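Data block for data23.txt (compact mmCIF, C-alpha atoms):
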# COMPACT_ATOMS: atom_id res chain seq x y z
CA MET K 23 4.60 -7.46 12.30
CA ALA K 24 7.08 -5.87 9.86
CA ASP K 25 7.15 -2.11 9.31
CA PRO K 26 5.44 -0.89 6.14
CA HIS K 27 7.75 -0.59 3.16
CA VAL K 28 7.59 2.10 0.52
CA ALA K 29 6.31 0.75 -2.80
CA PHE K 30 6.83 4.08 -4.50
CA ASP K 31 7.43 7.71 -3.57
CA LEU K 32 6.98 10.28 -6.33
CA GLU K 33 6.70 14.00 -6.82
CA ILE K 34 4.69 14.99 -9.87
CA PRO K 35 3.92 18.38 -11.37
CA SER K 36 0.53 19.72 -10.36
CA ASP K 37 -1.11 18.77 -13.65
CA VAL K 38 -3.95 16.30 -14.25
CA GLU K 39 -2.10 14.85 -17.24
CA TYR K 40 0.17 13.01 -14.78
CA ILE K 41 -2.64 11.20 -12.98
CA GLU K 42 -3.01 8.27 -15.36
CA GLY K 43 0.69 7.36 -15.14
CA VAL K 44 0.66 7.33 -11.34
CA VAL K 45 -2.51 5.26 -11.29
CA GLU K 46 -0.99 2.75 -13.71
CA LEU K 47 2.03 2.41 -11.44
CA ALA K 48 -0.28 1.83 -8.47
CA ARG K 49 -2.20 -0.81 -10.43
CA GLN K 50 1.05 -2.64 -11.19
CA ARG K 51 1.91 -2.69 -7.48
CA CYS K 52 -1.57 -4.00 -6.69
CA ARG K 53 -1.14 -6.83 -9.17
CA GLU K 54 2.31 -7.66 -7.74
CA LEU K 55 0.74 -7.79 -4.27
CA LYS K 56 -1.94 -10.11 -5.69
CA LEU K 57 -4.79 -7.91 -4.55
CA SER K 58 -8.20 -8.94 -5.88
CA PRO K 59 -8.94 -7.98 -9.51
CA THR K 60 -11.63 -5.54 -8.35
CA LYS K 61 -9.22 -3.77 -5.99
CA CYS K 62 -6.67 -3.55 -8.82
CA SER K 63 -9.05 -2.29 -11.47
CA LEU K 64 -11.71 -0.36 -9.53
CA ASN K 65 -10.98 0.55 -5.91
CA VAL K 66 -7.39 1.71 -6.28
CA PRO K 67 -7.56 3.42 -9.70
CA VAL K 68 -10.71 5.40 -8.95
CA ALA K 69 -9.90 6.37 -5.34
CA LEU K 70 -6.30 7.33 -6.13
CA SER K 71 -7.37 9.24 -9.22
CA GLU K 72 -9.85 11.20 -7.07
CA ALA K 73 -7.22 11.99 -4.43
CA LEU K 74 -4.77 13.18 -7.08
CA SER K 75 -7.27 15.33 -8.95
CA ASN K 76 -8.45 16.87 -5.66
CA ALA K 77 -4.84 17.65 -4.75
CA ILE K 78 -4.10 19.18 -8.16
CA LEU K 79 -7.31 21.09 -8.83
CA ARG K 80 -8.56 21.98 -5.34
CA GLY K 81 -5.61 21.61 -2.98
CA ASN K 82 -2.93 23.25 -5.07
CA GLY K 83 -5.26 25.10 -7.42
CA ALA K 84 -3.43 27.62 -9.57
CA THR K 85 -0.60 28.17 -7.11
CA GLY K 86 0.79 24.77 -6.12
CA GLN K 87 3.72 23.33 -8.00
CA GLN K 88 4.01 19.71 -6.91
CA VAL K 89 2.03 16.80 -5.59
CA ARG K 90 3.76 14.05 -3.66
CA VAL K 91 2.31 10.55 -3.72
CA ARG K 92 3.59 7.63 -1.69
CA ALA K 93 2.45 4.03 -1.56
CA LEU K 94 3.18 2.08 1.62
CA VAL K 95 2.68 -1.65 1.98
CA SER K 96 2.31 -3.51 5.25
CA ASP K 97 1.32 -7.11 5.94
CA THR K 98 -2.31 -6.08 6.10
CA ASP K 99 -2.75 -2.79 4.25
CA LEU K 100 -1.92 -0.81 1.16
CA VAL K 101 -1.73 2.90 1.99
CA PHE K 102 -1.53 5.85 -0.40
CA GLU K 103 -0.59 9.31 0.83
CA VAL K 104 -1.23 12.25 -1.48
CA VAL K 105 0.29 15.53 -0.34
CA ASP K 106 -0.50 18.93 -1.83
CA GLU K 107 0.51 22.49 -0.93
CA GLY K 108 -3.02 23.70 -0.17
CA PRO K 109 -4.64 24.61 3.14
CA GLY K 110 -6.44 21.28 3.56
CA PHE K 111 -10.11 20.54 4.05
CA ASP K 112 -12.56 18.88 6.39
CA LEU K 113 -13.41 15.50 4.89
CA ASP K 114 -16.74 15.14 6.64
CA GLN K 115 -17.89 18.64 5.78
CA CYS K 116 -16.88 18.32 2.15
CA THR K 117 -18.27 14.84 1.47
CA GLN K 118 -21.78 14.90 0.13
CA ASP K 119 -24.12 12.02 -0.59
CA CYS K 120 -24.24 12.05 -4.38
CA THR K 121 -27.02 9.46 -4.41
CA THR K 122 -29.80 11.69 -3.07
CA GLU K 123 -32.49 12.81 -5.51
CA GLU K 124 -31.23 16.38 -5.24
CA ASN K 125 -27.57 15.50 -5.95
CA LEU K 126 -27.98 12.65 -8.43
CA THR K 127 -28.21 14.93 -11.47
CA LYS K 128 -25.37 17.26 -10.45
CA GLU K 129 -22.21 17.18 -12.53
CA GLU K 130 -19.86 17.41 -9.55
CA GLY K 131 -19.65 16.13 -5.98
CA ARG K 132 -18.87 12.42 -6.39
CA GLY K 133 -15.11 12.42 -5.78
CA LEU K 134 -14.88 12.25 -1.99
CA PHE K 135 -17.94 10.03 -1.84
CA LEU K 136 -16.25 7.50 -4.16
CA MET K 137 -12.95 7.67 -2.29
CA ARG K 138 -14.69 6.83 0.95
CA ARG K 139 -16.79 4.05 -0.54
CA LEU K 140 -13.87 2.41 -2.34
CA MET K 141 -11.27 2.59 0.44
CA ASP K 142 -11.43 1.09 3.92
CA ARG K 143 -10.29 4.35 5.51
CA VAL K 144 -9.77 7.91 4.26
CA GLU K 145 -8.07 10.54 6.44
CA SER K 146 -7.06 14.13 5.87
CA PHE K 147 -4.51 15.95 8.02
CA ARG K 148 -1.62 18.40 7.84
CA ASN K 149 2.02 17.27 7.87
CA LYS K 150 4.37 19.35 5.69
CA GLY K 151 1.39 20.01 3.44
CA ASN K 152 -2.14 18.74 3.21
CA VAL K 153 -2.16 14.95 3.34
CA VAL K 154 -4.94 12.67 2.19
CA ARG K 155 -4.29 9.11 3.29
CA LEU K 156 -6.15 6.24 1.67
CA THR K 157 -6.00 2.84 3.36
CA LEU K 158 -7.12 -0.38 1.72
CA HIS K 159 -6.96 -3.75 3.46
CA ARG K 160 -5.08 -6.24 1.32
CA GLU K 161 -7.51 -9.08 2.08
CA MET D 109 -7.04 7.00 -24.28
CA SER D 110 -9.21 8.20 -27.09
CA PHE D 111 -12.76 8.51 -28.31
CA SER D 112 -13.98 7.35 -31.68
CA ILE D 113 -17.29 8.44 -33.10
CA LYS D 114 -19.27 6.80 -35.87
CA LYS D 115 -22.85 6.75 -37.04
CA GLN D 116 -24.85 3.52 -36.95
CA GLY D 117 -28.21 4.22 -38.57
CA GLU D 118 -29.60 7.24 -36.75
CA VAL D 119 -27.44 6.73 -33.69
CA VAL D 120 -24.12 8.42 -32.97
CA VAL D 121 -21.95 5.76 -31.32
CA VAL D 122 -19.00 6.83 -29.20
CA ASP D 123 -16.36 4.29 -28.16
CA VAL D 124 -14.35 5.21 -25.08
CA GLU D 125 -10.94 3.59 -25.41
CA GLY D 126 -8.91 3.70 -22.19
CA GLN D 127 -9.94 5.83 -19.25
CA LEU D 128 -12.62 8.50 -18.94
CA ILE D 129 -11.09 10.81 -16.38
CA VAL D 130 -10.43 14.40 -15.44
CA GLY D 131 -7.67 14.72 -18.05
CA ASN D 132 -9.82 13.85 -21.08
CA ARG D 133 -13.45 14.40 -20.12
CA GLN D 134 -13.62 17.75 -21.94
CA GLU D 135 -12.59 16.06 -25.18
CA LEU D 136 -15.51 13.63 -24.93
CA LYS D 137 -17.88 16.42 -23.98
CA GLN D 138 -16.86 18.58 -26.93
CA LYS D 139 -17.09 15.73 -29.44
CA VAL D 140 -20.62 14.88 -28.36
CA LEU D 141 -21.72 18.52 -28.19
CA ASP D 142 -20.39 19.06 -31.72
CA GLU D 143 -22.61 16.23 -32.96
CA LEU D 144 -25.56 17.60 -31.00
CA GLU D 145 -25.04 20.97 -32.62
CA LYS D 146 -25.15 19.32 -36.04
CA GLY D 147 -28.64 18.13 -35.17
CA GLU D 148 -27.93 14.58 -33.99
CA LYS D 149 -30.40 13.36 -31.35
CA LYS D 150 -29.58 9.75 -30.53
CA PHE D 151 -26.32 8.96 -28.74
CA LEU D 152 -24.83 5.73 -27.50
CA ILE D 153 -21.61 5.56 -25.50
CA ASP D 154 -20.00 2.12 -25.61
CA PHE D 155 -17.64 1.25 -22.74
CA SER D 156 -16.46 -2.15 -23.98
CA GLN D 157 -12.89 -0.83 -24.32
CA THR D 158 -12.90 1.35 -21.20
CA GLY D 159 -10.63 0.89 -18.17
CA TYR D 160 -11.94 3.04 -15.36
CA ILE D 161 -14.03 6.18 -14.99
CA ASP D 162 -13.50 8.79 -12.29
CA SER D 163 -15.99 11.23 -10.80
CA SER D 164 -15.21 13.82 -13.48
CA GLY D 165 -15.99 11.28 -16.18
CA LEU D 166 -19.25 10.36 -14.47
CA GLY D 167 -20.06 14.07 -14.18
CA VAL D 168 -19.57 14.59 -17.89
CA LEU D 169 -21.98 11.76 -18.66
CA VAL D 170 -24.59 13.36 -16.39
CA SER D 171 -24.03 16.76 -17.98
CA LEU D 172 -24.22 15.39 -21.54
CA SER D 173 -27.37 13.45 -20.75
CA LYS D 174 -29.03 16.67 -19.55
CA LYS D 175 -27.94 18.69 -22.58
CA ILE D 176 -29.03 16.01 -25.03
CA ARG D 177 -32.43 15.71 -23.34
CA GLU D 178 -32.86 19.47 -23.45
CA GLN D 179 -32.49 19.22 -27.24
CA GLY D 180 -35.09 16.46 -27.41
CA GLY D 181 -32.56 13.68 -27.76
CA GLU D 182 -31.38 10.73 -25.73
CA LEU D 183 -28.10 9.33 -24.40
CA ARG D 184 -27.79 5.62 -23.68
CA LEU D 185 -24.88 3.53 -22.44
CA ALA D 186 -23.68 0.03 -23.27
CA ASN D 187 -21.15 -2.61 -22.30
CA LEU D 188 -20.28 -1.67 -18.71
CA ASN D 189 -17.94 -4.29 -17.28
CA ASP D 190 -18.47 -5.51 -13.71
CA ASP D 191 -16.30 -2.76 -12.20
CA LEU D 192 -18.04 0.00 -14.13
CA GLN D 193 -21.40 -1.47 -13.25
CA THR D 194 -20.37 -1.38 -9.56
CA LEU D 195 -19.32 2.27 -9.97
CA PHE D 196 -22.69 3.19 -11.47
CA GLU D 197 -24.50 1.30 -8.71
CA LEU D 198 -22.45 2.96 -5.93
CA THR D 199 -23.35 6.38 -7.29
CA LYS D 200 -26.88 5.31 -8.26
CA LEU D 201 -26.23 6.52 -11.77
CA ASP D 202 -27.55 3.16 -12.94
CA THR D 203 -30.97 4.64 -12.12
CA LEU D 204 -30.36 7.74 -14.25
CA PHE D 205 -29.18 6.07 -17.47
CA GLN D 206 -30.60 3.41 -19.71
CA ILE D 207 -27.79 0.84 -19.80
CA SER D 208 -27.65 -2.15 -22.16
CA ASP D 209 -25.31 -5.09 -21.89
CA THR D 210 -24.49 -5.10 -25.61
CA ARG D 211 -24.19 -2.47 -28.31
CA GLU D 212 -26.76 -4.28 -30.44
CA ARG D 213 -29.38 -4.26 -27.68
CA ALA D 214 -28.70 -0.59 -27.04
CA LEU D 215 -29.12 0.27 -30.72
CA GLU D 216 -32.35 -1.70 -30.90
CA SER D 217 -33.70 0.13 -27.84
CA PHE D 218 -33.81 3.56 -29.52
What would you get if you wrote out this structure as structure tokens?
Amino acid sequence: MADPHVAFDLEIPSDVEYIEGVVELARQRCRELKLSPTKCSLNVPVALSEALSNAILRGNGATGQQVRVRALVSDTDLVFEVVDEGPGFDLDQCTQDCTTEENLTKEEGRGLFLMRRLMDRVESFRNKGNVVRLTLHRE
Amino acid sequence: MSFSIKKQGEVVVVDVEGQLIVGNRQELKQKVLDELEKGEKKFLIDFSQTGYIDSSGLGVLVSLSKKIREQGGELRLANLNDDLQTLFELTKLDTLFQISDTRERALESF
């Protein structure tokens, strides 16, 4: 099996205005890889948008300057890594079930839930920053 | 991405063109709240020209629905494509909103 290749590797300012452009680039790569229409227009845009907004608003907050985002493609998977300058977080502790009666009418709390429902695997770890890795099987 | 607002009968209809995401959700919120402040009660958001919605966009819809109801009004949604319908089902927000498959049906439902 061939090593994953880098589909893109970007550093963007820590500003939500940059999210849409990165997501559009990711969607183009998905279409080039002939991923299913739903993966191209739902799974990837929403999950990547959540990872980027978490990195910008919660990870970096007011202090971080940059967010790095990489897309890696292997024979089987499409992987996004979003790296911020924050202290990181515990995915399991921070993910809440937004579908319970108590949480359904809350304005916030759906981001991590959606990431985990729309991707095949979501990991968070530290490696020269706080990394959130999203893995989606190509088939 | 932009939002256009027009009145159809007694209903304020908002078209979401492009994405409804963290970068523009406040703009939608403010436009709808401005209409609510003017005394409008019936709101329809039409997603026929919408790409994707993130959790912030969903959160704004929940928040607006609450505020409109508090003022004795109602917010309804129309024209979710298959992906948006899946998003609402995943988050169970399809149980919170009245959703119509066309703008006409939504307008008739008020």
Item to check | Counting all atoms listed in the file, chain K residues within 10 Å of chain D, as a PyMOL selection string | outcome: chain K and resi 37-42+59-61+63-65+67-72+75+79+119-123+126-137+139-140
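Nearest-residue note for D:Gly126: choosing from K:Gly83, K:Phe102, K:Glu46, K:Cys52, the minimum distance belongs to K:Glu46, counting all atoms listed in the file.
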Next on the checklist: So the first atom is atom CA of K:Thr85 and the second is atom CA of K:Thr157; what is the distance between them in Å, to one decimal place?
Outcome noted: 27.9 Å
Next on the checklist: Can you tell me which residues surround stretch 142-144 of chain D at a distance of at most 10 Å, considering only C-alpha atoms, apart from same-chain residues fewer than 4 positions away, and format the answer as a PyMOL selection string?
Outcome noted: chain D and resi 113+120+136-138+148-151+172+175-176+179+181
Checklist entry - Hey, can you check how far atom CA of K:Asp142 sits from atom CA of K:Gln88? => result 26.5 Å
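As for atom CA of D:Asp123 and atom CA of D:Ala186, they are spaced 9.8 Å apart.
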Item to check | For K:Glu161: contacts at 9 Å, all atoms listed in the file, fewer than 6 positions along chain excluded, given as a PyMOL selection string | outcome: chain K and resi 57-58+98-99
Checklist entry - Which residues come within 8 Å of D:Val124, counting all atoms listed in the file, excluding same-chain residues fewer than 5 positions away, as a PyMOL selection string? => result chain D and resi 109-112+153-158
Next on the checklist: Residues near K:Val154, anyone? I mean within 7 Å using all atoms listed in the file, not counting same-chain ones fewer than 2 positions away, as a list in words.
Outcome noted: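 The residues satisfying every condition are Glu103, Val104, Val105, Glu145, Ser146, Phe147, Asn152 and Leu156 of chain K.
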Just need the box for stretch 30-41 of chain K, edges along x, y and z, holding every atom the file lists for it with 6 Å tacked onto each side, so centre and edge lengths in Å to one decimal, as JSON.
{"center_x": 1.7, "center_y": 11.9, "center_z": -10.4, "size_x": 23.4, "size_y": 27.6, "size_z": 25.7}
